[in-house]
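All remarks here apply to the structure that follows.
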Amino acid sequence: MKQIIYLLLFFFTIISCGDKKETAADVIATNDEVKIKAKREALVNQQHQLLQEIKLLDDKIHELDPEKNLPLVTTFTSKSELFDHYLELQGSVDTKQNIVIYPETQGILNKVYVKEGDKVAKGQLLATIDDGGLSQQLAQLQIQSDLAKTTFERQKRLWEQKIGSEIQYLQAKSSFESQEQTVNQLKSQLAKNSLRAPFSGIVDDVMIEQGSVVAPQSPIIRMVNLDDMYIETDVPENYIRDVVIGKNVQIEFPALGKTIEGKIRQAGNFINPANRTFKIEVAVPNADKLIKPNLTAKLKINDYTNSKAILIPQNIISENASGEQYIYVIESKDTNKALANRIIIKTGKTQGDVIEVLSGIDDDTEIIKEGARSVKDGQTVKIANQ
């Protein structure tokens, strides 16, 4: 850089002193266009010639300075550390208690007793459908059934006292049982006009307004229970020995910005031949009720741990024609100059931008990082660590 500055000063000195008889100012003062253009052309030619000479000087300086030919690299020292590898999967939240309630009979929706967001208990009455007179029929049949029961009980007492014939006893018994069965059938049919909660949970949606005509294919109410939540996802078959029941799972919900801990509560015993995977279920704690069905989740399952792993960046690894992986390390070092040595390595699992080295290097090995792909085996390099 100093040589360039000196040459530039020399260049301006020549321009200022080279033409003592007639300077640029003198030529300008003449107001002669031809002379001014000629003077400018002469100065441009001098400038071009000087720049060419400066380039020749720079090339020679670069040739004579061996350090300018050295590749500039940075290094880091390998250290054993804890390495946890995670299998990363995606899934969505679900619950086994998420249903839409349909009527079992047709009629007018007389009354809806709940609204969206209501908490209900198992068996609680949600809505009723007009029974079309079935309740009146039931009342009449119940009277007949009660009479048949009284007649049967009296005939039974007489028969036990050996009064009356056996046929009278059997007829009274048959009449009572027939009436009782008819009443029970009608009660069962009438019960279909009352919609009750199949489990304890929350009314998520009331889909039909009171007074509407409904049929067995008409959805009435959606109910959800947010206590028993889980995530179901597919796992590649080669993880079948590592992903087992009871394994801890980190569950991240991007939409909520939160991460929780869960456990695998079920692992499938069937490999899907179409994609070579098996299913797992991960239980999802949901104490604050923020987690909803169909919420997207990211799962991280710890499938491998090495307490003394050597990790290096993946981008410094190269591969030779034989398919072997290699990196460059510092063989010998003198101040900021060193000798690069190619080392064949074997690698294991990756996590993010780093990869585990199984063999080839040990602790306290100085490894070339930046500039690793421009280095050759046995080449002297210049280390520029901060």
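Following the order of the structure tokens, first chain is A, next is B, and so on, with residues numbered from 1 inside each chain and ligands from 1 in the order they appear.
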Please provide the set of residues having any atom within 8 Å of stretch 314-328 of chain A, restricted to only C-alpha atoms, with same-chain residues fewer than 5 positions apart removed, written as a short mmCIF file (atom, residue, chain, number, x, y, z; two decimals) with C-alpha atoms, in the first residue's frame.
data_model
loop_
_atom_site.label_atom_id
_atom_site.label_comp_id
_atom_site.auth_asym_id
_atom_site.auth_seq_id
_atom_site.Cartn_x
_atom_site.Cartn_y
_atom_site.Cartn_z
CA ALA A 340 -2.67 -28.03 7.03
CA ASN A 341 -3.12 -31.79 7.22
CA ARG A 342 -6.01 -33.78 5.70
CA ILE A 343 -7.70 -36.21 8.15
CA ILE A 344 -10.19 -38.93 7.18
CA ILE A 345 -13.09 -39.04 9.62
CA LYS A 346 -16.22 -41.08 10.27
CA ASP A 353 -25.65 -27.37 11.67
CA VAL A 354 -23.33 -29.76 13.53
CA ILE A 355 -22.41 -33.41 13.08
CA ILE A 367 -9.48 -27.80 13.07
CA ILE A 368 -9.66 -25.43 10.11
CA LYS A 369 -13.07 -23.81 9.85
CA GLU A 370 -13.34 -20.84 7.47
CA ALA A 372 -11.36 -25.22 4.75
CA ARG A 373 -12.51 -25.80 1.17
CA VAL A 375 -6.88 -25.61 1.44
CA ASP A 377 -3.10 -31.27 2.05
#
- Message: Based on the backbone DSSP call, show me all residues of stretch 114-319 of chain A assigned alpha helix (DSSP H), as a PyMOL selection string.
- Response: chain A and resi 134-160+166-191
- Using DSSP on the backbone coordinates, identify all residues within stretch 66-315 of chain A classified as strand (DSSP E or B); present the result as an NGL selection string. :A and (72-73 or 75-77 or 80-95 or 98-101 or 107-112 or 119-120 or 125-129 or 194-196 or 201-206 or 213-214 or 221-224 or 229-236 or 248-253 or 258-267 or 272 or 277-284 or 296-313)
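Proximity to A:Val27 at 10 Å, evaluated using only C-alpha atoms and with sequence-adjacent residues fewer than 4 positions away removed, yields Glu22, Thr23, Asn31, Asp32, Glu33, Val34, Lys35, Ile36, Lys37, Ala38, Lys39 and Arg40 of chain A.
Computed from the coordinates, the atom CA of A:Ser175 to atom CA of A:Gln155 distance equals 11.8 Å.
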- Which value, in Å to one decimal, gives the distance between atom CA of A:Asn98 and atom CA of A:Leu299? 22.5 Å
- Message: Can you pull out the residues contacting A:Asn225? Cut-off 9 Å, using only C-alpha atoms, and skip same-chain residues under 5 positions away; I want them as an NGL selection string.
- Response: :A and (95-98 or 199-203)
Wanna dump the stretch 185-295 of chain A-stretch 86-92 of chain A contacts at 12 Å for me, each residue with its shortest atom pair and the distance in Å to one decimal, counting only C-alpha atoms, ordered by chain and number, as a tab-separated table?
residue	atom	partner	partner_atom	distance
A:Met229	CA	A:Ser92	CA	10.4
A:Tyr230	CA	A:Ser92	CA	8.5
A:Ile231	CA	A:Ser92	CA	5.7
A:Glu232	CA	A:Gly91	CA	6.3
A:Thr233	CA	A:Gly91	CA	5.4
A:Asp234	CA	A:Leu89	CA	8.1
A:Val235	CA	A:Leu89	CA	7.7
A:Pro236	CA	A:Leu87	CA	10.0
A:Asn238	CA	A:Leu87	CA	11.3
A:Tyr239	CA	A:Leu87	CA	8.7
A:Ile240	CA	A:Leu87	CA	11.8
A:Asp242	CA	A:Leu87	CA	9.8
A:Val243	CA	A:Leu87	CA	9.1
A:Lys247	CA	A:Tyr86	CA	11.9
A:Asn248	CA	A:Tyr86	CA	11.0
A:Val249	CA	A:Tyr86	CA	9.4
A:Gln250	CA	A:Tyr86	CA	9.4
A:Ile251	CA	A:Gln90	CA	9.5
A:Glu252	CA	A:Gln90	CA	9.6
A:Phe253	CA	A:Ser92	CA	9.5
A:Pro254	CA	A:Gln90	CA	11.3
A:Ala255	CA	A:Ser92	CA	11.8
A:Lys279	CA	A:Gly91	CA	11.0
A:Ile280	CA	A:Gly91	CA	10.4
A:Glu281	CA	A:Gly91	CA	10.0
A:Val282	CA	A:Gly91	CA	9.9
A:Ala283	CA	A:Ser92	CA	11.9
A:Val284	CA	A:Ser92	CA	10.9
A:Ile291	CA	A:Ser92	CA	10.5
A:Lys292	CA	A:Ser92	CA	9.5
A:Pro293	CA	A:Ser92	CA	7.5
A:Asn294	CA	A:Ser92	CA	5.1
A:Leu295	CA	A:Ser92	CA	5.3
Just the selected residues (C-alpha atoms), exported as a PDB file, in the first residue's frame, please.
ATOM      1  CA  MET A 229     -55.641 -34.602  24.555  1.00  0.00           C
ATOM      2  CA  TYR A 230     -53.060 -36.419  22.461  1.00  0.00           C
ATOM      3  CA  ILE A 231     -50.984 -36.167  19.281  1.00  0.00           C
ATOM      4  CA  GLU A 232     -50.869 -39.003  16.785  1.00  0.00           C
ATOM      5  CA  THR A 233     -48.082 -39.131  14.212  1.00  0.00           C
ATOM      6  CA  ASP A 234     -46.130 -41.567  12.009  1.00  0.00           C
ATOM      7  CA  VAL A 235     -42.570 -42.634  12.889  1.00  0.00           C
ATOM      8  CA  PRO A 236     -40.119 -44.232  10.370  1.00  0.00           C
ATOM      9  CA  ASN A 238     -35.834 -47.575  11.667  1.00  0.00           C
ATOM     10  CA  TYR A 239     -36.636 -45.784  14.960  1.00  0.00           C
ATOM     11  CA  ILE A 240     -38.753 -48.652  16.297  1.00  0.00           C
ATOM     12  CA  ASP A 242     -35.722 -45.968  20.202  1.00  0.00           C
ATOM     13  CA  VAL A 243     -39.272 -44.580  20.098  1.00  0.00           C
ATOM     14  CA  LYS A 247     -40.303 -41.922  26.186  1.00  0.00           C
ATOM     15  CA  ASN A 248     -40.218 -38.195  26.968  1.00  0.00           C
ATOM     16  CA  VAL A 249     -41.215 -35.847  24.156  1.00  0.00           C
ATOM     17  CA  GLN A 250     -40.728 -32.094  23.740  1.00  0.00           C
ATOM     18  CA  ILE A 251     -43.909 -30.664  22.218  1.00  0.00           C
ATOM     19  CA  GLU A 252     -43.755 -27.232  20.601  1.00  0.00           C
ATOM     20  CA  PHE A 253     -46.870 -25.309  19.582  1.00  0.00           C
ATOM     21  CA  PRO A 254     -45.785 -22.543  17.149  1.00  0.00           C
ATOM     22  CA  ALA A 255     -49.202 -20.861  17.248  1.00  0.00           C
ATOM     23  CA  LYS A 279     -48.050 -44.777  14.692  1.00  0.00           C
ATOM     24  CA  ILE A 280     -47.482 -43.330  18.135  1.00  0.00           C
ATOM     25  CA  GLU A 281     -49.717 -41.394  20.522  1.00  0.00           C
ATOM     26  CA  VAL A 282     -48.237 -38.691  22.730  1.00  0.00           C
ATOM     27  CA  ALA A 283     -50.260 -37.573  25.745  1.00  0.00           C
ATOM     28  CA  VAL A 284     -50.647 -33.782  25.927  1.00  0.00           C
ATOM     29  CA  ILE A 291     -54.494 -26.485  23.552  1.00  0.00           C
ATOM     30  CA  LYS A 292     -57.316 -27.199  21.109  1.00  0.00           C
ATOM     31  CA  PRO A 293     -58.043 -30.089  18.712  1.00  0.00           C
ATOM     32  CA  ASN A 294     -56.274 -29.853  15.315  1.00  0.00           C
ATOM     33  CA  LEU A 295     -53.621 -27.466  16.682  1.00  0.00           C
TER      34      LEU A 295
END
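Among A:Val381, A:Thr350, A:Ala274, A:Ile260, the residue with the shortest atom-to-atom distance to A:Lys298, counting only C-alpha atoms, is A:Ile260.
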- Query: Which residue out of A:Asp228, A:Asp58, A:Asp130, A:Asp118 has the minimum interatomic distance to A:Gln210 when only C-alpha atoms are used?
  - Reply: A:Asp130
- Message: Residues near stretch 177-181 of chain A, anyone? I mean within 10 Å using only C-alpha atoms, not counting same-chain ones fewer than 2 positions away, as a list in words.
- Response: Leu141, Gln142, Ile143, Gln144, Ser145, Asp146, Leu147, Ala148, Lys149, Phe152, Gln171, Ala172, Lys173, Ser174, Ser175, Val183, Asn184, Gln185, Leu186 and Lys187 of chain A
Selection export as a PDB file, in the first residue's frame, atoms kept: N, CA and C atoms:
ATOM      1  N   LEU A 141    -100.573 -46.527  28.366  1.00  0.00           N
ATOM      2  CA  LEU A 141    -100.031 -47.882  28.493  1.00  0.00           C
ATOM      3  C   LEU A 141     -99.568 -48.162  29.914  1.00  0.00           C
ATOM      4  N   GLN A 142     -99.057 -47.121  30.573  1.00  0.00           N
ATOM      5  CA  GLN A 142     -98.610 -47.320  31.946  1.00  0.00           C
ATOM      6  C   GLN A 142     -99.786 -47.657  32.864  1.00  0.00           C
ATOM      7  N   ILE A 143    -100.951 -47.024  32.612  1.00  0.00           N
ATOM      8  CA  ILE A 143    -102.161 -47.338  33.400  1.00  0.00           C
ATOM      9  C   ILE A 143    -102.568 -48.789  33.177  1.00  0.00           C
ATOM     10  N   GLN A 144    -102.560 -49.217  31.918  1.00  0.00           N
ATOM     11  CA  GLN A 144    -102.913 -50.602  31.603  1.00  0.00           C
ATOM     12  C   GLN A 144    -101.918 -51.573  32.210  1.00  0.00           C
ATOM     13  N   SER A 145    -100.643 -51.176  32.181  1.00  0.00           N
ATOM     14  CA  SER A 145     -99.608 -52.041  32.749  1.00  0.00           C
ATOM     15  C   SER A 145     -99.773 -52.166  34.262  1.00  0.00           C
ATOM     16  N   ASP A 146    -100.122 -51.054  34.923  1.00  0.00           N
ATOM     17  CA  ASP A 146    -100.326 -51.090  36.375  1.00  0.00           C
ATOM     18  C   ASP A 146    -101.513 -52.001  36.739  1.00  0.00           C
ATOM     19  N   LEU A 147    -102.583 -51.899  35.910  1.00  0.00           N
ATOM     20  CA  LEU A 147    -103.743 -52.767  36.148  1.00  0.00           C
ATOM     21  C   LEU A 147    -103.377 -54.230  35.950  1.00  0.00           C
ATOM     22  N   ALA A 148    -102.626 -54.522  34.901  1.00  0.00           N
ATOM     23  CA  ALA A 148    -102.209 -55.906  34.636  1.00  0.00           C
ATOM     24  C   ALA A 148    -101.327 -56.427  35.763  1.00  0.00           C
ATOM     25  N   LYS A 149    -100.492 -55.523  36.309  1.00  0.00           N
ATOM     26  CA  LYS A 149     -99.615 -55.929  37.406  1.00  0.00           C
ATOM     27  C   LYS A 149    -100.443 -56.273  38.657  1.00  0.00           C
ATOM     28  N   PHE A 152    -102.233 -59.536  38.131  1.00  0.00           N
ATOM     29  CA  PHE A 152    -101.288 -60.659  38.208  1.00  0.00           C
ATOM     30  C   PHE A 152    -100.918 -60.969  39.663  1.00  0.00           C
ATOM     31  N   GLN A 171    -102.441 -66.681  32.425  1.00  0.00           N
ATOM     32  CA  GLN A 171    -102.971 -65.613  31.584  1.00  0.00           C
ATOM     33  C   GLN A 171    -102.677 -64.235  32.207  1.00  0.00           C
ATOM     34  N   ALA A 172    -102.858 -64.119  33.535  1.00  0.00           N
ATOM     35  CA  ALA A 172    -102.580 -62.850  34.219  1.00  0.00           C
ATOM     36  C   ALA A 172    -101.097 -62.500  34.136  1.00  0.00           C
ATOM     37  N   LYS A 173    -100.261 -63.523  34.295  1.00  0.00           N
ATOM     38  CA  LYS A 173     -98.802 -63.296  34.211  1.00  0.00           C
ATOM     39  C   LYS A 173     -98.398 -62.850  32.811  1.00  0.00           C
ATOM     40  N   SER A 174     -98.954 -63.549  31.780  1.00  0.00           N
ATOM     41  CA  SER A 174     -98.629 -63.212  30.398  1.00  0.00           C
ATOM     42  C   SER A 174     -99.095 -61.812  30.038  1.00  0.00           C
ATOM     43  N   SER A 175    -100.285 -61.428  30.499  1.00  0.00           N
ATOM     44  CA  SER A 175    -100.819 -60.107  30.207  1.00  0.00           C
ATOM     45  C   SER A 175     -99.940 -59.023  30.844  1.00  0.00           C
ATOM     46  N   VAL A 183     -94.543 -51.108  27.529  1.00  0.00           N
ATOM     47  CA  VAL A 183     -94.194 -49.841  28.192  1.00  0.00           C
ATOM     48  C   VAL A 183     -92.698 -49.568  28.076  1.00  0.00           C
ATOM     49  N   ASN A 184     -91.880 -50.581  28.325  1.00  0.00           N
ATOM     50  CA  ASN A 184     -90.414 -50.401  28.236  1.00  0.00           C
ATOM     51  C   ASN A 184     -89.966 -50.020  26.826  1.00  0.00           C
ATOM     52  N   GLN A 185     -90.596 -50.646  25.817  1.00  0.00           N
ATOM     53  CA  GLN A 185     -90.256 -50.308  24.430  1.00  0.00           C
ATOM     54  C   GLN A 185     -90.602 -48.857  24.123  1.00  0.00           C
ATOM     55  N   LEU A 186     -91.771 -48.425  24.601  1.00  0.00           N
ATOM     56  CA  LEU A 186     -92.182 -47.056  24.337  1.00  0.00           C
ATOM     57  C   LEU A 186     -91.306 -46.065  25.100  1.00  0.00           C
ATOM     58  N   LYS A 187     -90.902 -46.426  26.336  1.00  0.00           N
ATOM     59  CA  LYS A 187     -89.983 -45.575  27.092  1.00  0.00           C
ATOM     60  C   LYS A 187     -88.645 -45.428  26.356  1.00  0.00           C
TER      61      LYS A 187
END
- Please measure the separation of atom CA of A:Ala24 and atom CA of A:Gln47, giving the value in Å to one decimal.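 Calculated distance between atom CA of A:Ala24 and atom CA of A:Gln47 is 14.6 Å.
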- Query: Which residue gives the smallest distance to A:Pro219 among A:Leu190, A:Leu72, A:Ile167, A:Met207, with only C-alpha atoms counted?
  - Reply: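 Closest to A:Pro219, using only C-alpha atoms: A:Met207.
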- Task: Compare A:Val244, A:Gly211, A:Glu366, A:Pro285 by their minimum atom-to-atom distance to A:Gln266, counting only C-alpha atoms, and give me the closest one.
- Result: A:Val244
